[in-house]
Amino acid sequence: MAAILARAGATAAASGSLPKSTGRRRRNAVIVAAATGTGQAMPQEGALERPAWSGETPLSRLVGALIAFKPLYSLMKLASREVIIRTAEKWNIPWREMTKKVLESDVYEVFERIRDPKLVYPDYYLSPFHAYDEGNLSWLAAAEAEPATMSIAKRAIPEATSIEEASQIVRGSWLNTIEEHHQKYSGNCEINDILDIGCSVGVSTRYLAEKFPSAQAVGLDLSPYFLAVAAQKEEKLSRQNPIRWVHANGEATGLPSDSFDLVSLAYVRNKNVKS
């Protein structure tokens with residue numbers, strides 16, 4: 001995974017998705033637009049061969065027709081979901097146990113506190129995603145987000161001897177990229193305020209808070225379900241600067257411009273991609 005790093009000032013000027021100016025300047029802030037990197041060249045589009053079932057081949061058209069037939073697609077979705085869960089559990093990820101723990105917790109009370117009832121969701125966010133009919137606006141998607149993230153890490157680093165090791169490698173590369181960029185361009189500036197856009201259930205936000213313990217971290221996401229899971233877990237932790245969670249759209253956060261030293265977007269959904 002390649003990292004795209006830029007000065008926050010330059011990026012904010014080119015994009016309307018970051019907070020608008022209030023006069024408070026963060027001249028050397030770091031903005032991380034993609035997940036991790038280890039010094040390798042950025043992959044070029046089309047460098048990998050497409051699987052046989054994608055594109056405009058007879059097989060791909062057959063797969064498309066099967067997916068379009070909703071009753072059959074529902075069965076395919078259930079079968080693939082079961083395979084994903086079983087695979088994760090073979091890797092010692094307690095998927096069902098973790099999901100049950102969330103769904104049987106007091107997360108619903110946290111949801112009511114954290115949700116912004118006035119927030120208007122973009123159309124793309126209301127469509128099915130990752131085989132969840134309600135997309136990210138569902139309790140099941142939120143409850144399964146962390147075991148799914150752990151499974152992704154293990155799949156990315158198959159040689160890792162444990163899930164913990166795989167996660168540390170994946171997240172460690174990302175954090176090292178941030179640290180290297182900060183030292184190169186903003187070494188004299190202390191990181192006091194961090195914004196994690198598209199924080200999901202807070203996995204990336206917690207890594208950032210642990211990397212920079214003296215900073216105030218803010219996790220922002222469009223799903224109040226994900227944020228409720230993140231906040232509920234954070235409440236059980238003892239942290240010098242507790243993470244603040246914000247229910248908002250990353251494309252228009254409503255937060256003041258130039259108020260963060262580090263802005264991160266990791267594994268954020270592309271609104272043009274359907275899954």
# chains A, B, ... in the order shown; residues from 1 in each chain; ligands from 1
call {"tool": "residues_around", "arguments": {"residues": "Lys233 of chain A", "least_positions_apart": "5", "cutoff": "9 Å", "atoms": "only C-alpha atoms", "output": "PyMOL selection string"}}
result
chain A and resi 107+201-202+228
call {"tool": "write_last_selection", "arguments": {"atoms": "C-alpha atoms", "output": "mmCIF file, in the first residue's frame"}}
result
data_model
loop_
_atom_site.group_PDB
_atom_site.id
_atom_site.type_symbol
_atom_site.label_atom_id
_atom_site.label_comp_id
_atom_site.auth_asym_id
_atom_site.auth_seq_id
_atom_site.Cartn_x
_atom_site.Cartn_y
_atom_site.Cartn_z
ATOM 1 C CA VAL A 107 -23.582 0.229 22.813
ATOM 2 C CA VAL A 201 -14.896 1.530 14.874
ATOM 3 C CA GLY A 202 -11.791 3.407 15.961
ATOM 4 C CA ALA A 228 -20.979 3.958 18.987
#
call {"tool": "residues_around", "arguments": {"residues": "Arg155 of chain A", "least_positions_apart": "2", "cutoff": "12 Å", "atoms": "only C-alpha atoms", "output": "number ranges by chain"}}
result
A: 84, 87-88, 91, 148-153, 157-163, 166-167, 170
call {"tool": "closest_residue", "arguments": {"among": "A:Ala230, A:Leu220, A:Ile114, A:Ile178", "to": "Leu255 of chain A", "atoms": "only C-alpha atoms"}}
result
A:Leu220
call {"tool": "residues_around", "arguments": {"residues": "Pro213 of chain A", "least_positions_apart": "2", "cutoff": "10 Å", "atoms": "only C-alpha atoms", "output": "PDB file with N, CA, C and O atoms, in the first residue's frame"}}
result
ATOM      1  N   ILE A 191       2.919  17.489  17.396  1.00  0.00           N
ATOM      2  CA  ILE A 191       1.580  17.051  17.017  1.00  0.00           C
ATOM      3  C   ILE A 191       0.697  17.073  18.260  1.00  0.00           C
ATOM      4  O   ILE A 191       0.836  16.231  19.146  1.00  0.00           O
ATOM      5  N   ASN A 192      -0.209  18.033  18.304  1.00  0.00           N
ATOM      6  CA  ASN A 192      -1.099  18.192  19.447  1.00  0.00           C
ATOM      7  C   ASN A 192      -2.539  17.789  19.153  1.00  0.00           C
ATOM      8  O   ASN A 192      -3.263  17.397  20.066  1.00  0.00           O
ATOM      9  N   ARG A 206      -7.224   4.619  17.565  1.00  0.00           N
ATOM     10  CA  ARG A 206      -6.532   4.176  18.772  1.00  0.00           C
ATOM     11  C   ARG A 206      -5.036   4.014  18.528  1.00  0.00           C
ATOM     12  O   ARG A 206      -4.214   4.329  19.395  1.00  0.00           O
ATOM     13  N   TYR A 207      -4.672   3.527  17.356  1.00  0.00           N
ATOM     14  CA  TYR A 207      -3.243   3.426  17.023  1.00  0.00           C
ATOM     15  C   TYR A 207      -2.601   4.807  17.006  1.00  0.00           C
ATOM     16  O   TYR A 207      -1.476   4.992  17.489  1.00  0.00           O
ATOM     17  N   LEU A 208      -3.293   5.786  16.438  1.00  0.00           N
ATOM     18  CA  LEU A 208      -2.762   7.151  16.390  1.00  0.00           C
ATOM     19  C   LEU A 208      -2.631   7.730  17.797  1.00  0.00           C
ATOM     20  O   LEU A 208      -1.642   8.394  18.123  1.00  0.00           O
ATOM     21  N   ALA A 209      -3.636   7.489  18.630  1.00  0.00           N
ATOM     22  CA  ALA A 209      -3.607   8.004  20.002  1.00  0.00           C
ATOM     23  C   ALA A 209      -2.474   7.379  20.803  1.00  0.00           C
ATOM     24  O   ALA A 209      -1.856   8.028  21.654  1.00  0.00           O
ATOM     25  N   GLU A 210      -2.180   6.117  20.533  1.00  0.00           N
ATOM     26  CA  GLU A 210      -1.086   5.443  21.236  1.00  0.00           C
ATOM     27  C   GLU A 210       0.275   5.891  20.708  1.00  0.00           C
ATOM     28  O   GLU A 210       1.249   5.964  21.464  1.00  0.00           O
ATOM     29  N   LYS A 211       0.344   6.210  19.424  1.00  0.00           N
ATOM     30  CA  LYS A 211       1.593   6.684  18.827  1.00  0.00           C
ATOM     31  C   LYS A 211       1.928   8.080  19.328  1.00  0.00           C
ATOM     32  O   LYS A 211       3.102   8.411  19.552  1.00  0.00           O
ATOM     33  N   ALA A 215      -1.209  13.939  22.381  1.00  0.00           N
ATOM     34  CA  ALA A 215      -2.099  14.650  21.462  1.00  0.00           C
ATOM     35  C   ALA A 215      -3.569  14.347  21.761  1.00  0.00           C
ATOM     36  O   ALA A 215      -3.901  13.322  22.364  1.00  0.00           O
ATOM     37  N   GLN A 216      -4.444  15.236  21.315  1.00  0.00           N
ATOM     38  CA  GLN A 216      -5.885  15.017  21.397  1.00  0.00           C
ATOM     39  C   GLN A 216      -6.354  14.465  20.049  1.00  0.00           C
ATOM     40  O   GLN A 216      -6.265  15.139  19.027  1.00  0.00           O
ATOM     41  N   ALA A 217      -6.816  13.227  20.051  1.00  0.00           N
ATOM     42  CA  ALA A 217      -7.255  12.581  18.818  1.00  0.00           C
ATOM     43  C   ALA A 217      -8.765  12.678  18.670  1.00  0.00           C
ATOM     44  O   ALA A 217      -9.515  12.552  19.642  1.00  0.00           O
ATOM     45  N   ARG A 239      -6.959   6.436  29.348  1.00  0.00           N
ATOM     46  CA  ARG A 239      -6.087   7.152  28.447  1.00  0.00           C
ATOM     47  C   ARG A 239      -5.888   8.577  28.946  1.00  0.00           C
ATOM     48  O   ARG A 239      -6.826   9.208  29.429  1.00  0.00           O
ATOM     49  N   GLN A 240      -4.667   9.074  28.805  1.00  0.00           N
ATOM     50  CA  GLN A 240      -4.349  10.430  29.246  1.00  0.00           C
ATOM     51  C   GLN A 240      -5.261  11.458  28.568  1.00  0.00           C
ATOM     52  O   GLN A 240      -5.805  12.352  29.208  1.00  0.00           O
ATOM     53  N   ASN A 241      -5.432  11.306  27.262  1.00  0.00           N
ATOM     54  CA  ASN A 241      -6.324  12.178  26.493  1.00  0.00           C
ATOM     55  C   ASN A 241      -7.355  11.309  25.784  1.00  0.00           C
ATOM     56  O   ASN A 241      -7.070  10.780  24.694  1.00  0.00           O
ATOM     57  N   PRO A 242      -8.521  11.117  26.373  1.00  0.00           N
ATOM     58  CA  PRO A 242      -9.540  10.273  25.739  1.00  0.00           C
ATOM     59  C   PRO A 242      -9.874  10.761  24.331  1.00  0.00           C
ATOM     60  O   PRO A 242      -9.917  11.957  24.055  1.00  0.00           O
TER      61      PRO A 242
END
call {"tool": "closest_residue", "arguments": {"among": "A:Met76, A:Leu126, A:Ala65, A:Ile194", "to": "Leu222 of chain A", "atoms": "only C-alpha atoms"}}
result
A:Leu126
call {"tool": "closest_residue", "arguments": {"among": "A:Ser259, A:Asn176, A:Ser214, A:Ser200", "to": "Val246 of chain A", "atoms": "only C-alpha atoms"}}
result
A:Ser200
call {"tool": "closest_residue", "arguments": {"among": "A:Leu103, A:Leu265, A:Leu237, A:Ala68", "to": "Trp139 of chain A", "atoms": "only C-alpha atoms"}}
result
A:Leu103
call {"tool": "atom_distance", "arguments": {"atom1": "atom CA of Ser173 of chain A", "atom2": "atom CA of Arg86 of chain A"}}
result
27.8 Å
call {"tool": "select_by_dssp", "arguments": {"residues": "segment 51-83 of chain A", "states": "helix (DSSP H, G or I)", "output": "ChimeraX atom specification"}}
result
/A:58-68,70-83
call {"tool": "closest_residue", "arguments": {"among": "A:Glu104, A:Glu251, A:Asp196, A:Glu112", "to": "Ser264 of chain A", "atoms": "only C-alpha atoms"}}
result
A:Asp196
call {"tool": "decode", "arguments": {"residues": "segment 73-171 of chain A", "atoms": "C-alpha atoms", "output": "CSV table (one decimal), in the first residue's frame"}}
result
chain,number,residue,atom,x,y,z
A,73,TYR,CA,-27.5,-13.7,-5.0
A,74,SER,CA,-28.8,-13.8,-1.4
A,75,LEU,CA,-27.8,-17.5,-1.2
A,76,MET,CA,-24.4,-16.7,-2.7
A,77,LYS,CA,-23.9,-13.9,-0.2
A,78,LEU,CA,-24.8,-16.1,2.8
A,79,ALA,CA,-22.4,-18.8,1.6
A,80,SER,CA,-19.5,-16.4,1.0
A,81,ARG,CA,-20.1,-14.8,4.4
A,82,GLU,CA,-19.9,-18.1,6.1
A,83,VAL,CA,-16.6,-18.9,4.3
A,84,ILE,CA,-15.2,-15.5,5.4
A,85,ILE,CA,-16.2,-16.1,9.1
A,86,ARG,CA,-14.9,-19.7,9.2
A,87,THR,CA,-11.6,-18.6,7.6
A,88,ALA,CA,-11.2,-15.9,10.2
A,89,GLU,CA,-11.9,-18.3,13.0
A,90,LYS,CA,-9.3,-20.7,11.6
A,91,TRP,CA,-6.9,-17.9,12.1
A,92,ASN,CA,-7.9,-17.7,15.7
A,93,ILE,CA,-10.0,-14.6,15.3
A,94,PRO,CA,-13.1,-15.0,17.5
A,95,TRP,CA,-15.4,-13.4,15.0
A,96,ARG,CA,-18.8,-14.6,16.4
A,97,GLU,CA,-17.7,-14.1,20.0
A,98,MET,CA,-16.5,-10.5,19.3
A,99,THR,CA,-19.7,-9.8,17.4
A,100,LYS,CA,-22.0,-11.2,20.1
A,101,LYS,CA,-20.1,-9.2,22.8
A,102,VAL,CA,-20.8,-5.9,20.9
A,103,LEU,CA,-24.5,-6.7,20.2
A,104,GLU,CA,-25.1,-7.6,23.8
A,105,SER,CA,-23.4,-4.5,25.3
A,106,ASP,CA,-24.7,-1.1,26.2
A,107,VAL,CA,-23.6,0.2,22.8
A,108,TYR,CA,-27.2,1.3,22.0
A,109,GLU,CA,-27.1,3.9,24.8
A,110,VAL,CA,-23.8,5.3,23.4
A,111,PHE,CA,-25.4,5.4,20.0
A,112,GLU,CA,-28.1,7.8,21.2
A,113,ARG,CA,-25.5,10.1,22.7
A,114,ILE,CA,-23.2,10.2,19.7
A,115,ARG,CA,-25.6,10.3,16.7
A,116,ASP,CA,-26.4,13.6,15.0
A,117,PRO,CA,-30.0,13.2,14.0
A,118,LYS,CA,-29.8,16.2,11.6
A,119,LEU,CA,-27.0,14.7,9.5
A,120,VAL,CA,-28.0,14.1,5.9
A,121,TYR,CA,-26.4,11.0,4.4
A,122,PRO,CA,-25.2,11.1,0.7
A,123,ASP,CA,-27.1,8.8,-1.6
A,124,TYR,CA,-24.1,6.4,-2.1
A,125,TYR,CA,-23.9,5.8,1.6
A,126,LEU,CA,-27.4,4.4,1.7
A,127,SER,CA,-26.7,1.6,-0.7
A,128,PRO,CA,-25.7,-2.0,0.2
A,129,PHE,CA,-22.0,-2.4,1.0
A,130,HIS,CA,-19.8,-5.3,1.9
A,131,ALA,CA,-22.8,-7.6,1.6
A,132,TYR,CA,-24.7,-5.7,4.3
A,133,ASP,CA,-28.1,-4.6,2.9
A,134,GLU,CA,-28.0,-1.4,5.0
A,135,GLY,CA,-24.3,-0.8,4.2
A,136,ASN,CA,-22.5,0.8,7.1
A,137,LEU,CA,-25.7,1.9,8.8
A,138,SER,CA,-26.3,-1.3,10.6
A,139,TRP,CA,-25.4,-2.9,13.9
A,140,LEU,CA,-24.2,-6.1,12.3
A,141,ALA,CA,-21.7,-4.2,10.1
A,142,ALA,CA,-20.5,-2.3,13.1
A,143,ALA,CA,-20.2,-5.3,15.4
A,144,GLU,CA,-18.2,-7.3,12.8
A,145,ALA,CA,-15.9,-4.4,11.7
A,146,GLU,CA,-13.1,-5.2,14.1
A,147,PRO,CA,-12.8,-8.9,13.4
A,148,ALA,CA,-13.1,-8.1,9.7
A,149,THR,CA,-10.2,-5.7,10.1
A,150,MET,CA,-8.1,-8.3,11.9
A,151,SER,CA,-8.9,-10.8,9.1
A,152,ILE,CA,-7.8,-8.3,6.4
A,153,ALA,CA,-4.4,-7.8,8.2
A,154,LYS,CA,-3.8,-11.6,8.4
A,155,ARG,CA,-4.7,-11.9,4.7
A,156,ALA,CA,-2.3,-9.1,3.9
A,157,ILE,CA,0.6,-10.6,6.0
A,158,PRO,CA,0.0,-14.3,5.7
A,159,GLU,CA,3.5,-15.1,7.0
A,160,ALA,CA,2.7,-13.4,10.3
A,161,THR,CA,2.7,-15.9,13.2
A,162,SER,CA,-0.3,-14.3,14.9
A,163,ILE,CA,-3.1,-11.8,14.2
A,164,GLU,CA,-1.4,-9.4,16.6
A,165,GLU,CA,1.8,-9.5,14.6
A,166,ALA,CA,0.0,-9.0,11.3
A,167,SER,CA,-1.9,-6.0,12.7
A,168,GLN,CA,1.3,-4.5,14.1
A,169,ILE,CA,3.1,-4.9,10.7
A,170,VAL,CA,0.2,-3.3,8.7
A,171,ARG,CA,-0.4,-0.5,11.1
